[in-house]
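To be precise, the following lines are start_14.txt, and they hold compact mmCIF, C-alpha atoms.
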```txt
# COMPACT_ATOMS: atom_id res chain seq x y z
CA MET A 128 44.28 5.31 13.02
CA LYS A 129 44.32 1.62 13.80
CA PRO A 130 40.99 -0.08 13.04
CA GLN A 131 38.95 -1.24 15.99
CA VAL A 132 36.21 -3.82 16.49
CA ILE A 133 33.48 -1.97 18.33
CA SER A 134 29.97 -2.52 19.65
CA PHE A 135 27.77 0.50 20.21
CA ASN A 136 24.25 1.75 20.78
CA CYS A 137 23.15 4.25 18.16
CA VAL A 138 20.26 6.65 17.72
CA MET A 139 20.00 8.31 14.33
CA ARG A 140 18.16 11.64 14.07
CA ASN A 141 17.54 14.14 11.32
CA LYS A 142 18.68 17.72 11.82
CA LEU A 143 15.28 18.60 13.30
CA GLY A 144 15.91 16.09 16.09
CA GLN A 145 13.36 13.48 14.97
CA VAL A 146 14.44 9.91 15.68
CA LEU A 147 14.78 7.99 12.42
CA SER A 148 16.29 4.79 13.76
CA SER A 149 17.92 3.20 16.77
CA SER A 150 20.11 0.13 16.80
CA PHE A 151 22.71 -1.90 18.63
CA ASN A 152 25.71 -2.65 16.45
CA HIS A 153 27.73 -5.64 17.58
CA ASP A 154 31.39 -6.21 16.66
CA VAL A 155 31.72 -3.94 13.65
CA ILE A 156 34.95 -2.47 12.32
CA ASN A 157 35.35 1.31 12.32
CA GLN A 158 37.10 1.40 8.97
CA ASP A 159 35.96 2.00 5.40
CA ASP A 160 37.39 -0.57 3.01
CA GLY A 161 37.45 1.94 0.15
CA ASN A 162 34.90 0.00 -1.89
CA TYR A 163 31.86 0.89 0.12
CA ASN A 164 30.77 4.50 0.21
CA ARG A 165 27.84 4.44 2.61
CA LEU A 166 28.20 6.39 5.86
CA PRO A 167 31.87 7.39 5.60
CA GLY A 168 31.12 10.35 7.90
CA LEU A 169 29.96 8.00 10.65
CA VAL A 170 32.98 5.76 10.18
CA GLN A 171 35.24 8.82 10.51
CA GLY A 172 33.41 9.92 13.67
CA LEU A 173 33.94 6.51 15.30
CA GLN A 174 37.72 6.55 15.22
CA ALA A 175 39.79 5.90 18.39
CA VAL A 176 36.78 5.24 20.63
CA ARG A 177 36.85 4.05 24.24
CA VAL A 178 34.40 1.91 26.18
CA GLY A 179 31.73 4.05 27.85
CA GLU A 180 32.38 7.02 25.58
CA LYS A 181 29.40 8.91 24.15
CA ARG A 182 29.62 10.92 20.95
CA ASN A 183 27.26 13.03 18.84
CA ILE A 184 28.44 12.67 15.26
CA VAL A 185 26.98 15.11 12.72
CA VAL A 186 27.15 13.66 9.22
CA PRO A 187 26.26 15.83 6.22
CA ALA A 188 24.30 14.16 3.40
CA ASP A 189 27.40 13.90 1.20
CA SER A 190 29.09 11.74 3.86
CA ALA A 191 25.98 9.72 4.69
CA TYR A 192 23.69 8.38 1.95
CA GLY A 193 24.61 10.97 -0.67
CA ARG A 194 22.77 13.82 -2.28
CA TYR A 195 19.30 13.35 -3.67
CA ASP A 196 19.59 12.77 -7.43
CA PRO A 197 16.46 13.68 -9.43
CA ARG A 198 17.82 11.64 -12.37
CA LEU A 199 17.02 8.52 -10.33
CA ILE A 200 13.28 9.21 -10.60
CA ILE A 201 11.80 7.28 -13.52
CA GLU A 202 8.33 6.52 -14.75
CA VAL A 203 7.75 3.00 -16.05
CA ARG A 204 4.74 1.34 -17.63
CA ARG A 205 3.38 -1.37 -15.33
CA SER A 206 3.44 -3.82 -18.24
CA GLU A 207 7.27 -3.48 -18.37
CA LEU A 208 7.63 -4.72 -14.81
CA GLU A 209 7.33 -8.26 -13.55
CA TYR A 210 4.40 -8.25 -11.11
CA GLY A 211 3.61 -4.69 -12.19
CA ASP A 212 -0.06 -5.27 -11.44
CA ARG A 213 0.72 -6.22 -7.80
CA LEU A 214 2.99 -3.31 -6.87
CA LYS A 215 2.07 -1.02 -3.98
CA LEU A 216 3.51 2.25 -2.73
CA GLY A 217 6.82 1.46 -1.09
CA SER A 218 7.36 -1.78 -3.04
CA GLN A 219 10.91 -2.32 -4.19
CA VAL A 220 11.84 -3.11 -7.78
CA LEU A 221 15.24 -4.25 -9.05
CA ARG A 222 15.93 -3.03 -12.57
CA PHE A 223 18.70 -1.94 -14.88
CA HIS A 224 19.34 1.78 -14.97
CA GLU A 225 21.02 3.83 -17.68
CA PRO A 226 23.64 5.06 -18.41
CA THR A 227 25.68 2.37 -16.64
CA SER A 228 23.16 -0.44 -17.17
CA GLU A 229 23.82 -1.61 -13.61
CA GLN A 230 21.06 -3.16 -11.55
CA LYS A 231 19.65 -0.77 -8.99
CA LEU A 232 16.98 -1.02 -6.34
CA PHE A 233 14.07 1.40 -6.80
CA ARG A 234 11.09 2.19 -4.55
CA VAL A 235 7.58 2.76 -5.88
CA VAL A 236 6.72 6.34 -4.88
CA GLN A 237 3.70 7.05 -7.08
CA MET A 238 1.21 4.94 -8.97
CA ASN A 239 -1.53 5.27 -11.50
CA GLU A 240 -3.47 2.76 -13.56
CA ASP A 241 -0.89 2.27 -16.34
CA SER A 242 2.44 3.31 -14.83
CA VAL A 243 4.49 3.69 -11.66
CA VAL A 244 7.06 6.25 -10.62
CA LEU A 245 10.23 4.71 -9.19
CA ASP A 246 12.85 6.40 -7.01
CA GLY A 247 16.37 4.97 -7.03
CA ASN A 248 17.65 7.24 -4.24
CA HIS A 249 18.21 5.83 -0.77
CA SER A 250 15.33 6.96 1.44
CA LEU A 251 17.81 9.07 3.46
CA ALA A 252 19.59 10.60 0.46
CA GLY A 253 19.88 14.36 0.83
CA HIS A 254 19.49 14.27 4.62
CA ASP A 255 22.05 15.54 7.09
CA LEU A 256 22.08 13.09 10.00
CA VAL A 257 23.07 13.11 13.67
CA PHE A 258 24.23 9.86 15.27
CA GLU A 259 24.19 9.63 19.05
CA VAL A 260 26.45 6.73 19.95
CA GLU A 261 27.53 5.06 23.16
CA ILE A 262 30.47 2.68 22.93
CA VAL A 263 29.81 -0.64 24.69
CA SER A 264 33.03 -2.45 23.71
CA ALA A 265 36.16 -1.63 21.71
CA ARG A 266 39.36 -3.48 20.89
CA ASP A 267 42.05 -3.23 18.24
CA ALA A 268 41.19 -5.22 15.10
CA ASP A 269 43.49 -8.05 14.06
CA ASP A 270 44.13 -9.44 10.56
CA SER A 271 41.35 -12.03 10.81
CA ASP A 272 38.83 -9.28 11.66
CA LEU A 273 39.81 -7.29 8.58
CA THR A 274 39.21 -10.13 6.11
CA ASP A 275 35.44 -10.22 6.70
CA ALA A 276 33.92 -7.24 4.86
CA SER A 277 30.49 -7.91 6.41
CA THR A 278 31.79 -6.53 9.71
CA LEU A 279 32.49 -3.06 8.31
CA ILE A 280 30.16 -0.40 9.73
CA GLY A 281 28.78 0.70 6.37
CA ASN A 282 27.91 -2.88 5.45
CA GLN A 283 25.90 -3.51 8.61
CA LEU A 284 24.40 -0.26 9.76
CA LEU A 285 21.19 1.34 8.56
CA HIS A 286 20.75 0.17 5.01
```

Whole structure, structure tokens version:
Amino acid sequence: MKPQVISFNCVMRNKLGQVLSSSFNHDVINQDDGNYNRLPGLVQGLQAVRVGEKRNIVVPADSAYGRYDPRLIIEVRRSELEYGDRLKLGSQVLRFHEPTSEQKLFRVVQMNEDSVVLDGNHSLAGHDLVFEVEIVSARDADDSDLTDASTLIGNQLLH
């Protein structure tokens, strides 16, 4: 399929029908560049769209934000964290994570006096999602569109 530059309204729901998010996405490319693995199921569901078209795209967790990985739950002493004494539930902490030693963003999900529990999973990891989209504009992408990775759907939508 030829990549398109599209604008669309989007409502994201969980499988129980609860609205999780709604957005307007302006001039994004419906192609995965191969380096970015977030929301490939949505990208696939937005192929060959036409203006005015409405689609319900069901995206299983594996093709959305991935499966929930319990290995990404870690407990850390507050003293090991910069600003550990100021953290609150929901705070985000950037830290190195084994075994790859890459930096990863973690959320504070539990706290006690001496330590915090951090979760490195995306908040929607493990969730099957339904995207209700309405296409507002669509055109074939040209070479200049494809050189700007920030316009890819997965790089703009629902981080």

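Counting all atoms listed in the file, the residue from A:Leu147, A:Leu173, A:Val244, A:Ile201 that sits nearest to A:Ile133 is A:Leu173.
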
Within 10 Å of stretch 139-146 of chain A, counting all atoms listed in the file, which residues qualify if same-chain residues fewer than 4 places away don't, as a list of chain:residue names?
->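 The neighbour list is A:Ser150, A:Asn183, A:Ile184, A:Val185, A:Val186, A:Pro187, A:Leu251, A:His254, A:Asp255, A:Leu256, A:Val257, A:Phe258, A:Glu259, A:Val260, A:Leu285.
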
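The smallest atom-to-atom distance between A:Val203 and any of A:Ala268, A:Val176, A:Val138, A:Val220, using all atoms listed in the file, is found for A:Val220.
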
Name the closest residue to A:Leu232 among the candidates A:Asp212, A:Asp154, A:Lys181, A:Leu199; distances are taken between atoms, counting all atoms listed in the file.
->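 The answer is A:Leu199, which sits nearest to A:Leu232.
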
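Between A:Pro130 and the candidates A:Asp270, A:Glu229, A:Glu209, A:Ile200, the tightest atom-to-atom separation, counting only C-alpha atoms, involves A:Asp270.
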
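The nearest approach to A:Lys129 among the residues A:Val243, A:Leu273, A:Leu214, A:Ala252, with all atoms listed in the file taken into account, belongs to A:Leu273.
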
Taken to one decimal, the atom CA of A:Tyr192-atom CA of A:His153 distance is 21.4 Å

Grab the atom CA of A:Arg177 to atom CA of A:Gln158 distance for me, in Å with one decimal place.
-> 15.5 Å

Interatomic distance, atom CA of A:Ser271 to atom CA of A:Pro167 (Å, one decimal) =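 A separation of 22.2 Å between them.
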
Between A:Asp246, A:Glu225, A:Asp189, A:Asp267, single out the one closest to A:Val132, counting only C-alpha atoms.
->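 Of A:Asp246, A:Glu225, A:Asp189, A:Asp267, the one nearest A:Val132 is A:Asp267, counting only C-alpha atoms.
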
List the neighbours of A:Arg234 out to 9 Å using all atoms listed in the file; skip same-chain residues closer than 4 positions along the sequence, and give me the result as a PyMOL selection string.
-> chain A and resi 216-221+244-250

Requested write-out: C-alpha atoms of the selected residues, as a short mmCIF file (atom, residue, chain, number, x, y, z; two decimals), keeping the file's coordinate frame:
```
data_model
loop_
_atom_site.label_atom_id
_atom_site.label_comp_id
_atom_site.auth_asym_id
_atom_site.auth_seq_id
_atom_site.Cartn_x
_atom_site.Cartn_y
_atom_site.Cartn_z
CA LEU A 216 3.51 2.25 -2.73
CA GLY A 217 6.82 1.46 -1.09
CA SER A 218 7.36 -1.78 -3.04
CA GLN A 219 10.91 -2.32 -4.19
CA VAL A 220 11.84 -3.11 -7.78
CA LEU A 221 15.24 -4.25 -9.05
CA VAL A 244 7.06 6.25 -10.62
CA LEU A 245 10.23 4.71 -9.19
CA ASP A 246 12.85 6.40 -7.01
CA GLY A 247 16.37 4.97 -7.03
CA ASN A 248 17.65 7.24 -4.24
CA HIS A 249 18.21 5.83 -0.77
CA SER A 250 15.33 6.96 1.44
#
```

Name all residues at most 7 Å from A:Gly168 (count only C-alpha atoms; drop same-chain ones fewer than 2 positions away) and give them as a PyMOL selection string.
-> chain A and resi 166+170-172+186+190-191

Save the residues we just selected, C-alpha atoms, as a PDB file, keeping the file's coordinate frame?
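selection-v9.pdb written:
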```pdb
ATOM      1  CA  LEU A 166      28.200   6.390   5.860  1.00  0.00           C
ATOM      2  CA  VAL A 170      32.980   5.760  10.180  1.00  0.00           C
ATOM      3  CA  GLN A 171      35.240   8.820  10.510  1.00  0.00           C
ATOM      4  CA  GLY A 172      33.410   9.920  13.670  1.00  0.00           C
ATOM      5  CA  VAL A 186      27.150  13.660   9.220  1.00  0.00           C
ATOM      6  CA  SER A 190      29.090  11.740   3.860  1.00  0.00           C
ATOM      7  CA  ALA A 191      25.980   9.720   4.690  1.00  0.00           C
TER       8      ALA A 191
END
```
